[in-house]
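Asks: Sharing data02.txt (compact mmCIF, C-alpha atoms) below.
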# COMPACT_ATOMS: atom_id res chain seq x y z
CA MET A 1 -6.28 9.64 14.83
CA PRO A 2 -3.65 10.26 17.49
CA ARG A 3 -0.30 8.98 16.27
CA ASP A 4 -0.13 6.36 19.02
CA LEU A 5 -3.36 4.81 17.71
CA ALA A 6 -2.51 5.37 14.06
CA TYR A 7 0.03 2.54 14.07
CA ASP A 8 -2.81 0.07 14.41
CA LEU A 9 -4.69 1.88 11.65
CA LEU A 10 -1.72 1.65 9.27
CA VAL A 11 -1.33 -2.08 9.95
CA PHE A 12 -5.11 -2.53 9.65
CA ALA A 13 -4.92 -0.78 6.26
CA GLN A 14 -2.04 -2.97 5.14
CA ARG A 15 -4.00 -6.09 6.10
CA ASN A 16 -7.21 -4.86 4.50
CA PRO A 17 -6.05 -3.07 1.38
CA LYS A 18 -9.33 -3.29 -0.52
CA PRO A 19 -11.29 -1.15 1.96
CA CYS A 20 -8.24 0.86 3.12
CA PRO A 21 -6.04 1.97 0.20
CA VAL A 22 -3.76 4.56 1.84
CA LEU A 23 -2.94 7.50 -0.42
CA ASP A 24 -1.18 9.69 2.14
CA VAL A 25 -0.33 9.95 5.84
CA THR A 26 0.38 13.36 7.32
CA ASP A 27 2.95 14.15 9.98
CA PRO A 28 1.62 14.64 13.52
CA GLY A 29 -0.26 17.92 13.83
CA VAL A 30 -0.07 18.67 10.10
CA ALA A 31 -3.50 19.16 8.53
CA ARG A 32 -2.21 19.51 5.01
CA SER A 33 -1.39 16.92 2.36
CA ALA A 34 0.45 17.28 -0.93
CA LEU A 35 -2.53 15.44 -2.41
CA PHE A 36 -5.06 18.02 -1.27
CA ASP A 37 -4.97 21.75 -1.90
CA GLY A 38 -6.58 22.89 1.35
CA ASP A 39 -6.88 22.51 5.11
CA LEU A 40 -7.91 19.01 6.11
CA ARG A 41 -9.66 20.48 9.20
CA THR A 42 -12.06 22.73 7.27
CA ASP A 43 -12.20 21.79 3.61
CA LEU A 44 -14.02 18.47 3.70
CA PRO A 45 -17.79 18.82 3.29
CA ALA A 46 -18.50 17.12 6.65
CA TYR A 47 -16.71 15.32 9.50
CA ARG A 48 -17.69 12.80 12.13
CA VAL A 49 -16.35 12.87 15.68
CA TYR A 50 -15.91 9.60 17.58
CA ARG A 51 -15.22 9.32 21.32
CA ASP A 52 -14.74 5.85 22.79
CA GLY A 53 -16.18 4.49 19.57
CA GLU A 54 -19.41 6.48 19.85
CA LEU A 55 -20.39 8.86 17.06
CA VAL A 56 -20.84 12.02 19.14
CA ASP A 57 -21.04 14.75 16.53
CA GLU A 58 -21.12 15.62 12.84
CA VAL A 59 -19.56 18.97 12.01
CA THR A 60 -18.15 20.97 9.09
CA ASP A 61 -15.01 22.25 10.87
CA VAL A 62 -12.71 20.34 13.23
CA ARG A 63 -10.20 23.09 14.03
CA GLU A 64 -11.36 23.20 17.66
CA LEU A 65 -10.88 19.45 17.97
CA TRP A 66 -7.52 19.31 16.22
CA ARG A 67 -4.51 18.28 18.32
CA PRO A 68 -0.74 18.33 17.72
CA ASP A 69 -0.59 14.53 17.96
CA LEU A 70 -3.21 13.88 15.27
CA VAL A 71 -2.21 12.34 11.95
CA ALA A 72 -4.53 12.23 8.95
CA VAL A 73 -4.71 9.06 6.87
CA LEU A 74 -6.12 9.69 3.39
CA LEU A 75 -7.85 6.75 1.71
CA GLY A 76 -8.91 6.37 -1.91
CA CYS A 77 -12.65 6.57 -2.67
CA SER A 78 -14.67 4.55 -5.15
CA PHE A 79 -16.30 7.74 -6.45
CA THR A 80 -13.01 8.08 -8.36
CA PHE A 81 -13.72 5.14 -10.69
CA GLU A 82 -17.30 6.18 -11.47
CA ASP A 83 -16.22 8.29 -14.42
CA ALA A 84 -14.48 5.22 -15.85
CA LEU A 85 -17.65 3.17 -15.28
CA LEU A 86 -19.78 5.75 -17.12
CA THR A 87 -17.24 5.91 -19.96
CA ALA A 88 -17.46 2.12 -20.25
CA GLY A 89 -21.26 2.30 -20.47
CA VAL A 90 -21.97 1.12 -16.93
CA PRO A 91 -24.74 3.23 -15.34
CA VAL A 92 -24.20 4.61 -11.84
CA ARG A 93 -27.59 4.69 -10.17
CA HIS A 94 -26.89 7.00 -7.24
CA LEU A 95 -25.64 9.65 -9.67
CA GLU A 96 -28.77 9.20 -11.82
CA VAL A 97 -31.05 9.78 -8.83
CA GLY A 98 -28.91 12.47 -7.19
CA ARG A 99 -28.24 10.65 -3.93
CA ASN A 100 -25.29 9.52 -1.85
CA VAL A 101 -24.13 5.96 -2.57
CA PRO A 102 -25.64 3.30 -0.27
CA MET A 103 -23.13 1.75 2.15
CA TYR A 104 -23.58 -1.33 4.32
CA ARG A 105 -21.78 -3.08 7.14
CA THR A 106 -21.30 -6.71 6.11
CA SER A 107 -20.84 -10.00 7.93
CA ILE A 108 -17.29 -10.16 6.51
CA SER A 109 -14.70 -9.49 9.23
CA CYS A 110 -11.63 -7.48 8.41
CA ARG A 111 -8.27 -8.87 9.50
CA PRO A 112 -7.66 -7.23 12.89
CA ALA A 113 -4.55 -5.22 13.72
CA GLY A 114 -3.61 -4.45 17.31
CA ASN A 115 -6.74 -3.12 18.95
CA LEU A 116 -8.59 -2.41 15.70
CA ARG A 117 -11.15 -4.88 14.44
CA GLY A 118 -14.47 -4.62 12.68
CA PRO A 119 -16.64 -5.52 9.70
CA LEU A 120 -15.99 -4.78 6.05
CA VAL A 121 -18.18 -1.91 4.83
CA VAL A 122 -19.22 -1.91 1.18
CA THR A 123 -20.81 0.42 -1.34
CA MET A 124 -23.48 -0.97 -3.67
CA ARG A 125 -24.19 -0.07 -7.26
CA PRO A 126 -26.92 -1.87 -9.25
CA VAL A 127 -25.47 -3.04 -12.58
CA PRO A 128 -27.30 -4.59 -15.56
CA ALA A 129 -26.38 -8.29 -15.66
CA ALA A 130 -24.65 -7.98 -19.05
CA LYS A 131 -22.43 -5.19 -17.74
CA VAL A 132 -21.24 -6.76 -14.48
CA ALA A 133 -18.13 -8.14 -16.17
CA THR A 134 -17.30 -4.71 -17.58
CA ALA A 135 -17.82 -3.12 -14.17
CA ALA A 136 -15.44 -5.66 -12.63
CA ARG A 137 -12.82 -5.25 -15.35
CA VAL A 138 -12.87 -1.44 -15.30
CA THR A 139 -12.72 -1.07 -11.52
CA ALA A 140 -10.03 -3.76 -11.13
CA ARG A 141 -7.67 -1.29 -12.74
CA TYR A 142 -8.18 1.18 -9.86
CA PRO A 143 -6.95 -0.71 -6.77
CA ALA A 144 -6.04 2.56 -5.03
CA VAL A 145 -9.72 3.53 -4.97
CA HIS A 146 -11.01 0.09 -3.86
CA GLY A 147 -10.53 -1.85 -7.11
CA ALA A 148 -12.69 -4.76 -8.25
CA PRO A 149 -15.94 -5.72 -6.51
CA VAL A 150 -15.76 -7.89 -3.40
CA HIS A 151 -19.20 -9.45 -3.97
CA VAL A 152 -21.74 -9.70 -6.78
CA GLY A 153 -25.37 -10.66 -6.20
CA ASP A 154 -27.18 -11.96 -3.11
CA PRO A 155 -26.88 -9.29 -0.39
CA ALA A 156 -27.85 -11.77 2.35
CA ALA A 157 -24.74 -13.83 1.58
CA ILE A 158 -22.66 -11.01 3.07
CA GLY A 159 -25.07 -10.19 5.87
CA ILE A 160 -27.05 -7.41 4.21
CA HIS A 161 -30.73 -8.08 4.85
CA ASP A 162 -32.36 -4.94 3.47
CA LEU A 163 -30.84 -3.01 0.58
CA ASP A 164 -33.35 -0.23 1.30
CA ALA A 165 -31.84 0.38 4.73
CA PRO A 166 -28.17 1.19 4.20
CA ASP A 167 -26.02 1.80 7.28
CA TYR A 168 -24.56 4.93 5.68
CA GLY A 169 -25.64 7.03 2.67
CA ASP A 170 -28.95 6.70 0.81
CA PRO A 171 -30.90 3.79 -0.66
CA VAL A 172 -31.15 3.57 -4.46
CA PRO A 173 -33.58 1.58 -6.63
CA VAL A 174 -32.43 -1.72 -8.17
CA HIS A 175 -34.25 -2.30 -11.43
CA SER A 176 -35.34 -5.59 -12.95
CA GLY A 177 -32.43 -7.27 -14.71
CA GLU A 178 -29.87 -5.55 -12.51
CA VAL A 179 -27.52 -7.20 -10.05
CA PRO A 180 -26.33 -5.51 -6.86
CA VAL A 181 -22.56 -5.19 -7.06
CA PHE A 182 -20.56 -4.48 -3.90
CA TRP A 183 -17.21 -2.72 -3.59
CA ALA A 184 -15.04 -2.34 -0.49
CA CYS A 185 -15.58 1.06 1.12
CA GLY A 186 -13.37 3.57 2.93
CA VAL A 187 -15.95 3.87 5.70
CA THR A 188 -14.62 0.51 6.97
CA PRO A 189 -12.20 2.19 9.43
CA GLN A 190 -15.16 4.05 10.95
CA ALA A 191 -16.94 0.74 11.53
CA ALA A 192 -13.70 -0.50 13.12
CA ILE A 193 -13.61 2.59 15.36
CA GLN A 194 -17.20 1.91 16.39
CA ALA A 195 -16.38 -1.75 17.08
CA SER A 196 -13.00 -1.22 18.75
CA ARG A 197 -13.73 1.99 20.73
CA PRO A 198 -10.45 3.90 20.69
CA PRO A 199 -10.63 7.07 22.84
CA PHE A 200 -10.74 9.59 19.98
CA ALA A 201 -10.96 9.75 16.21
CA LEU A 202 -12.13 12.11 13.52
CA SER A 203 -13.23 11.08 10.05
CA HIS A 204 -15.01 12.32 6.99
CA ALA A 205 -18.76 11.85 7.05
CA PRO A 206 -19.63 8.92 4.74
CA GLY A 207 -19.97 10.24 1.22
CA TYR A 208 -18.50 13.64 2.18
CA MET A 209 -14.90 13.12 1.16
CA ALA A 210 -11.94 15.38 0.49
CA ILE A 211 -11.91 16.17 -3.22
CA THR A 212 -8.43 16.50 -4.69
CA ASP A 213 -7.09 17.85 -7.95
CA ALA A 214 -5.41 14.51 -8.75
CA ARG A 215 -6.50 12.97 -12.05
CA ASP A 216 -8.45 9.71 -11.86
CA THR A 217 -5.99 8.25 -14.33
CA ASN A 218 -3.14 8.70 -11.85
CA TYR A 219 -4.69 5.77 -10.01
CA LEU A 220 -5.06 3.53 -13.05
CA VAL A 221 -2.86 0.42 -13.11
CA PRO A 222 -0.77 -0.31 -14.94
CA TYR A 223 -0.57 3.41 -15.57
CA GLU A 224 -0.35 4.18 -19.29
CA GLU A 225 0.93 7.68 -19.92
CA MET B 1 12.17 -3.17 13.94
CA PRO B 2 10.79 -2.40 17.38
CA ARG B 3 7.13 -1.48 17.13
CA ASP B 4 7.78 2.05 18.37
CA LEU B 5 10.14 2.66 15.43
CA ALA B 6 8.04 0.72 12.95
CA TYR B 7 5.44 3.49 12.76
CA ASP B 8 7.99 5.63 10.94
CA LEU B 9 8.85 2.70 8.69
CA LEU B 10 5.20 2.18 7.74
CA VAL B 11 4.77 5.86 6.91
CA PHE B 12 8.11 5.82 5.05
CA ALA B 13 6.82 2.86 3.04
CA GLN B 14 3.55 4.61 2.27
CA ARG B 15 5.45 7.69 1.06
CA ASN B 16 7.93 5.65 -0.97
CA PRO B 17 5.84 2.83 -2.39
CA LYS B 18 8.14 1.98 -5.28
CA PRO B 19 11.07 0.89 -3.07
CA CYS B 20 8.85 -0.21 -0.14
CA PRO B 21 5.83 -2.23 -1.28
CA VAL B 22 4.56 -3.71 2.00
CA LEU B 23 3.20 -7.24 1.64
CA ASP B 24 2.72 -8.03 5.33
CA VAL B 25 3.34 -6.65 8.82
CA THR B 26 3.52 -9.09 11.72
CA ASP B 27 2.21 -8.49 15.23
CA PRO B 28 4.82 -7.57 17.86
CA GLY B 29 6.94 -10.59 18.79
CA VAL B 30 5.43 -12.78 16.06
CA ALA B 31 8.07 -14.16 13.68
CA ARG B 32 5.59 -15.84 11.36
CA SER B 33 3.61 -14.51 8.42
CA ALA B 34 0.69 -16.02 6.53
CA LEU B 35 2.75 -15.23 3.42
CA PHE B 36 5.72 -17.30 4.47
CA ASP B 37 5.74 -20.95 5.53
CA GLY B 38 8.53 -20.77 8.09
CA ASP B 39 10.17 -18.89 10.94
CA LEU B 40 11.22 -15.39 9.96
CA ARG B 41 14.11 -15.60 12.48
CA THR B 42 15.78 -18.63 10.89
CA ASP B 43 14.46 -19.29 7.40
CA LEU B 44 15.89 -16.40 5.44
CA PRO B 45 19.25 -17.19 3.83
CA ALA B 46 21.03 -14.34 5.66
CA TYR B 47 20.29 -11.38 7.94
CA ARG B 48 21.95 -8.09 8.71
CA VAL B 49 22.06 -6.57 12.19
CA TYR B 50 22.08 -2.79 12.60
CA ARG B 51 22.82 -0.92 15.84
CA ASP B 52 22.62 2.88 15.80
CA GLY B 53 22.65 2.64 12.03
CA GLU B 54 25.89 0.68 11.86
CA LEU B 55 25.97 -2.70 10.17
CA VAL B 56 27.42 -4.74 13.03
CA ASP B 57 26.85 -8.32 11.92
CA GLU B 58 25.64 -10.65 9.18
CA VAL B 59 24.16 -13.91 10.47
CA THR B 60 21.93 -16.79 9.41
CA ASP B 61 19.81 -16.96 12.57
CA VAL B 62 18.41 -14.06 14.61
CA ARG B 63 16.63 -16.02 17.35
CA GLU B 64 19.07 -14.73 19.99
CA LEU B 65 18.41 -11.14 18.85
CA TRP B 66 14.65 -11.48 18.64
CA ARG B 67 12.56 -9.42 21.07
CA PRO B 68 8.88 -9.40 21.99
CA ASP B 69 8.50 -5.84 20.68
CA LEU B 70 9.86 -6.57 17.20
CA VAL B 71 7.58 -6.46 14.19
CA ALA B 72 8.57 -7.79 10.78
CA VAL B 73 7.70 -5.78 7.68
CA LEU B 74 7.76 -7.91 4.52
CA LEU B 75 8.46 -6.09 1.26
CA GLY B 76 8.07 -7.34 -2.28
CA CYS B 77 11.23 -8.14 -4.24
CA SER B 78 12.01 -7.50 -7.90
CA PHE B 79 13.28 -11.07 -8.28
CA THR B 80 9.58 -11.89 -8.48
CA PHE B 81 9.12 -10.25 -11.88
CA GLU B 82 12.20 -11.81 -13.45
CA ASP B 83 10.30 -14.86 -14.63
CA ALA B 84 7.89 -12.51 -16.43
CA LEU B 85 10.85 -10.69 -17.99
CA LEU B 86 12.35 -13.96 -19.24
CA THR B 87 8.96 -15.08 -20.59
CA ALA B 88 8.73 -11.77 -22.48
CA GLY B 89 12.17 -12.35 -24.00
CA VAL B 90 14.06 -9.87 -21.83
CA PRO B 91 17.37 -11.35 -20.68
CA VAL B 92 18.32 -11.10 -17.01
CA ARG B 93 22.09 -10.76 -16.86
CA HIS B 94 22.73 -11.60 -13.19
CA LEU B 95 20.89 -14.90 -13.66
CA GLU B 96 22.93 -15.63 -16.81
CA VAL B 97 26.19 -15.11 -14.94
CA GLY B 98 25.08 -16.69 -11.67
CA ARG B 99 25.51 -13.65 -9.47
CA ASN B 100 23.48 -11.52 -7.09
CA VAL B 101 21.82 -8.49 -8.72
CA PRO B 102 23.86 -5.26 -8.47
CA MET B 103 22.31 -2.64 -6.16
CA TYR B 104 23.28 1.01 -5.81
CA ARG B 105 22.51 3.91 -3.51
CA THR B 106 21.38 6.82 -5.69
CA SER B 107 21.34 10.59 -5.36
CA ILE B 108 17.52 10.45 -5.28
CA SER B 109 16.21 11.18 -1.78
CA CYS B 110 13.23 9.27 -0.46
CA ARG B 111 10.41 11.26 1.11
CA PRO B 112 11.28 11.22 4.84
CA ALA B 113 8.89 10.01 7.53
CA GLY B 114 9.43 10.88 11.19
CA ASN B 115 13.05 10.07 11.92
CA LEU B 116 13.59 7.94 8.81
CA ARG B 117 15.27 9.44 5.78
CA GLY B 118 17.71 8.20 3.19
CA PRO B 119 18.51 7.62 -0.46
CA LEU B 120 16.63 5.48 -2.95
CA VAL B 121 18.42 2.20 -3.60
CA VAL B 122 18.01 0.60 -7.03
CA THR B 123 18.75 -2.69 -8.75
CA MET B 124 20.23 -2.61 -12.26
CA ARG B 125 19.63 -4.98 -15.13
CA PRO B 126 21.22 -4.38 -18.55
CA VAL B 127 18.55 -4.58 -21.27
CA PRO B 128 19.00 -4.55 -25.07
CA ALA B 129 17.78 -1.17 -26.34
CA ALA B 130 14.96 -2.71 -28.36
CA LYS B 131 13.63 -4.51 -25.29
CA VAL B 132 13.60 -1.65 -22.79
CA ALA B 133 9.97 -0.84 -23.59
CA THR B 134 9.00 -4.47 -23.03
CA ALA B 135 10.87 -4.54 -19.74
CA ALA B 136 9.04 -1.40 -18.62
CA ARG B 137 5.64 -2.70 -19.72
CA VAL B 138 6.04 -6.12 -18.13
CA THR B 139 7.34 -4.89 -14.78
CA ALA B 140 4.78 -2.05 -14.56
CA ARG B 141 2.21 -4.77 -13.99
CA TYR B 142 3.97 -5.86 -10.77
CA PRO B 143 3.83 -2.76 -8.53
CA ALA B 144 3.92 -4.94 -5.38
CA VAL B 145 7.42 -6.09 -6.33
CA HIS B 146 8.73 -2.61 -7.31
CA GLY B 147 6.90 -2.18 -10.62
CA ALA B 148 8.21 -0.18 -13.57
CA PRO B 149 11.79 1.14 -13.74
CA VAL B 150 12.61 4.42 -11.99
CA HIS B 151 15.42 5.30 -14.40
CA VAL B 152 16.70 4.17 -17.80
CA GLY B 153 20.16 4.97 -19.08
CA ASP B 154 22.89 7.27 -17.71
CA PRO B 155 23.87 6.02 -14.25
CA ALA B 156 25.57 9.32 -13.37
CA ALA B 157 22.23 11.11 -13.68
CA ILE B 158 21.11 9.35 -10.50
CA GLY B 159 24.45 9.56 -8.75
CA ILE B 160 25.89 6.19 -9.73
CA HIS B 161 29.47 6.77 -10.84
CA ASP B 162 30.73 3.22 -11.30
CA LEU B 163 28.43 0.38 -12.34
CA ASP B 164 31.24 -2.04 -11.53
CA ALA B 165 31.19 -1.04 -7.86
CA PRO B 166 27.68 -1.70 -6.58
CA ASP B 167 26.89 -0.81 -2.96
CA TYR B 168 25.22 -4.19 -2.46
CA GLY B 169 25.27 -7.42 -4.49
CA ASP B 170 27.60 -8.17 -7.40
CA PRO B 171 28.60 -6.30 -10.57
CA VAL B 172 27.39 -7.70 -13.91
CA PRO B 173 28.66 -6.98 -17.44
CA VAL B 174 26.75 -4.53 -19.65
CA HIS B 175 27.16 -5.51 -23.30
CA SER B 176 27.31 -3.23 -26.32
CA GLY B 177 23.82 -2.18 -27.37
CA GLU B 178 22.43 -2.63 -23.88
CA VAL B 179 21.02 0.07 -21.64
CA PRO B 180 21.27 -0.05 -17.86
CA VAL B 181 17.74 -0.11 -16.47
CA PHE B 182 17.13 0.72 -12.81
CA TRP B 183 14.32 -0.48 -10.57
CA ALA B 184 13.51 0.65 -7.01
CA CYS B 185 14.90 -1.82 -4.48
CA GLY B 186 13.75 -3.16 -1.12
CA VAL B 187 17.19 -2.50 0.35
CA THR B 188 16.14 1.17 0.50
CA PRO B 189 14.98 0.88 4.15
CA GLN B 190 18.44 -0.43 5.06
CA ALA B 191 20.01 2.65 3.51
CA ALA B 192 17.50 4.72 5.54
CA ILE B 193 18.52 2.86 8.70
CA GLN B 194 22.16 3.59 7.93
CA ALA B 195 21.38 7.27 7.30
CA SER B 196 18.92 7.74 10.19
CA ARG B 197 20.59 5.61 12.87
CA PRO B 198 17.70 4.12 14.87
CA PRO B 199 18.95 2.12 17.89
CA PHE B 200 18.20 -1.35 16.52
CA ALA B 201 17.00 -3.07 13.37
CA LEU B 202 17.28 -6.43 11.67
CA SER B 203 16.92 -7.00 7.94
CA HIS B 204 17.51 -9.55 5.26
CA ALA B 205 20.97 -9.40 3.70
CA PRO B 206 20.65 -7.77 0.25
CA GLY B 207 19.76 -10.47 -2.26
CA TYR B 208 19.04 -13.01 0.50
CA MET B 209 15.29 -12.66 0.80
CA ALA B 210 12.52 -14.77 2.27
CA ILE B 211 11.16 -17.00 -0.48
CA THR B 212 7.42 -17.62 -0.24
CA ASP B 213 5.07 -20.08 -1.89
CA ALA B 214 2.95 -17.25 -3.31
CA ARG B 215 2.61 -17.31 -7.09
CA ASP B 216 4.19 -14.44 -9.01
CA THR B 217 0.87 -13.93 -10.75
CA ASN B 218 -0.79 -13.08 -7.43
CA TYR B 219 1.07 -9.79 -7.69
CA LEU B 220 0.10 -9.03 -11.29
CA VAL B 221 -2.23 -6.05 -11.80
CA PRO B 222 -4.90 -5.97 -12.86
CA TYR B 223 -5.02 -9.58 -11.77
CA GLU B 224 -6.54 -11.79 -14.47
CA GLU B 225 -7.70 -15.12 -13.05
Let me see whether you can do it: turn the structure in this file into structure tokens.

Replies:
Amino acid sequence: MPRDLAYDLLVFAQRNPKPCPVLDVTDPGVARSALFDGDLRTDLPAYRVYRDGELVDEVTDVRELWRPDLVAVLLGCSFTFEDALLTAGVPVRHLEVGRNVPMYRTSISCRPAGNLRGPLVVTMRPVPAAKVATAARVTARYPAVHGAPVHVGDPAAIGIHDLDAPDYGDPVPVHSGEVPVFWACGVTPQAAIQASRPPFALSHAPGYMAITDARDTNYLVPYEE
Amino acid sequence: MPRDLAYDLLVFAQRNPKPCPVLDVTDPGVARSALFDGDLRTDLPAYRVYRDGELVDEVTDVRELWRPDLVAVLLGCSFTFEDALLTAGVPVRHLEVGRNVPMYRTSISCRPAGNLRGPLVVTMRPVPAAKVATAARVTARYPAVHGAPVHVGDPAAIGIHDLDAPDYGDPVPVHSGEVPVFWACGVTPQAAIQASRPPFALSHAPGYMAITDARDTNYLVPYEE
């Protein structure tokens, strides 16, 4: 976002740390981060372009749209804790079926900041009932990549009326004996951009994040070396 | 700080999370925080006033200096984890002797952000050698109040040449068999203000923080309810 709008985004992130765990903020015009060995304008798999809050394009290169006043805010992603879930014996359905994770706008409002307001966006992973506690415990130790679930069970209670129609990503099957478990999602700022309509913003396309060389365990708390 | 300078402070905090764990950011002109049951202009024990980076006053009320463009950034304080240290059997010397904690500017540079740059400031607590590991383990679980130590042992290695002459707070005795243990300190932004010379800033006086009603355990990670 332009630096003059990014202040609101940083305060929004501080007030909504579960969906917006900030891992890095670049200087204006700088498309590189110490976290990421590449060019933030070309090396993400896909980008979305927002003008006045409208999604106007999805592209794989934003060099032509880049401006000297843009700062990049890098957020943690829940894909990071999926290896820890698998290690703990918790299945990850969207990996099993080779799809993007399903993401939903909820009826939970984020705390606004300046001109930025909008709903909490969540990812959903179906978890066998006996493993929900493990999923909560394991992911709680990764607050920088969204941490513990924000909701377990009834989707309607958080305003999700059809699990088969996610707002972003792909639907996945929920098997008998499984509970839908919802984690805060880094697409939340995009929902805030759509709701708040700032003049211009770029983002990753949901599910098409920057992949860094940082170890998952760097984000484990308390970090045990 | 004025909102137009606070952007740099928020990025500085993101880049230096150990000294600058942000717990809340108020809206411009708002001297109240959901974290703190009081008026941020009157209910801290003491304030410092900086103009062009110079400490020009220490007062107990900043209502006359308050401006509609000021935002307050609330940082966690290591005093919060001292109860956990005591519970774990780690003595806390400055409490024993009824003094403020000693704080020192170090030779460690913070990562700059915009126009803000400066040295890391640390608190020091002498810890019996056999309890240093416990002190590290206990405090690591409180990253929002500065977390694990940044340095253990030789003060000169981080540019501290006289433990008896702290830059802020009071000196405390270090007994035989004890090791000086250093934690990142929330006075770091004040050292950055002194080094970077923004036109105007208010802060708490070192050791004279806002005291909230939040439970220490709210800042424990992973949080076990």

Asks: Distance cut-off 9 Å, counting only C-alpha atoms - which residues of chain A neighbour chain B? Return them as an NGL selection string.

Replies: :A and (3-4 or 6-7 or 10-11 or 14-15 or 22-28 or 113-114 or 137 or 140-143 or 221-223)

Asks: Kindly give the distance, in Å, that separates atom CA of B:Arg93 and atom CA of B:His151, rounded to a single decimal.

Replies: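 Going from atom CA of B:Arg93 over to atom CA of B:His151, I get 17.6 Å.
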
Asks: Just give me the gap between atom CA of B:Ala205 and atom CA of B:Tyr47 in Å, one decimal is fine.

Replies: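 Rounded to one decimal, the two atoms are 4.7 Å apart.
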
Asks: Write out as a list in words each polymer residue whose atoms come within 7 Å of A:Val49, counting only C-alpha atoms; drop sequence neighbours fewer than 5 positions from it.

Replies: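 Once the adjacent positions are removed, what remains is Leu55, Val56, Asp57, Glu58, Ala201, Leu202 and Ser203 of chain A.
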
Asks: Pick from B:Ile108, B:Val172, B:Ile193, B:Met1: nearest to B:Ala156, with only C-alpha atoms counted?

Replies: B:Ile108

Asks: Near stretch 62-68 of chain B, counting only C-alpha atoms, which residues have an atom at most 7 Å away, once you skip same-chain residues fewer than 5 positions from it, shown as an mmCIF file with C-alpha atoms, in the coordinates of the input?

Replies:
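The resulting out-v7.cif:
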data_model
loop_
_atom_site.group_PDB
_atom_site.id
_atom_site.type_symbol
_atom_site.label_atom_id
_atom_site.label_comp_id
_atom_site.auth_asym_id
_atom_site.auth_seq_id
_atom_site.Cartn_x
_atom_site.Cartn_y
_atom_site.Cartn_z
ATOM 1 C CA PRO B 28 4.820 -7.570 17.860
ATOM 2 C CA GLY B 29 6.940 -10.590 18.790
ATOM 3 C CA ARG B 41 14.110 -15.600 12.480
ATOM 4 C CA THR B 42 15.780 -18.630 10.890
#

Asks: Do you have the atom CA of B:Gly207-atom CA of B:Ser78 distance handy?

Replies: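 So the answer is 10.0 Å.
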
Asks: The residues within 6 Å of (10.8, -8.0, -2.6), using all atoms listed in the file and the coordinates of the file, should be reported as a list of chain:residue names; which are they?

Replies: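 Looking at atoms near the point gives B:Leu75, B:Gly76, B:Cys77, B:Ser78, B:Val145, B:Gly186.
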
Asks: Given the selection you just returned, output its residues as a file containing C-alpha atoms, formatted as a short mmCIF file (atom, residue, chain, number, x, y, z; two decimals), in the coordinates of the input.

Replies:
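That gives us again.cif:
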data_model
loop_
_atom_site.label_atom_id
_atom_site.label_comp_id
_atom_site.auth_asym_id
_atom_site.auth_seq_id
_atom_site.Cartn_x
_atom_site.Cartn_y
_atom_site.Cartn_z
CA LEU B 75 8.46 -6.09 1.26
CA GLY B 76 8.07 -7.34 -2.28
CA CYS B 77 11.23 -8.14 -4.24
CA SER B 78 12.01 -7.50 -7.90
CA VAL B 145 7.42 -6.09 -6.33
CA GLY B 186 13.75 -3.16 -1.12
#

Asks: Looking at all atoms listed in the file, which of A:Arg105, A:His175, A:His161, A:His204 is the one that sits closest to A:Val73?

Replies: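 Looking at the shortest contact to A:Val73, the residue is A:His204.
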
Asks: For A:Val59, which residue out of A:Gly177, A:Ala13, A:Tyr208, A:Val187 is the nearest one, using only C-alpha atoms?

Replies: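 Looking at the shortest contact to A:Val59, the residue is A:Tyr208.
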
Asks: Rank B:Ala34, B:Gln190, B:Ala133, B:Ala72 by their smallest atom-to-atom distance to B:Gly118, using only C-alpha atoms, and report the top residue only.

Replies: B:Gln190

Asks: Hey, what's within 10 Å of A:Pro198 if we count only C-alpha atoms and toss same-chain stuff fewer than 2 positions away? As a count of residues only, please?

Replies: 17
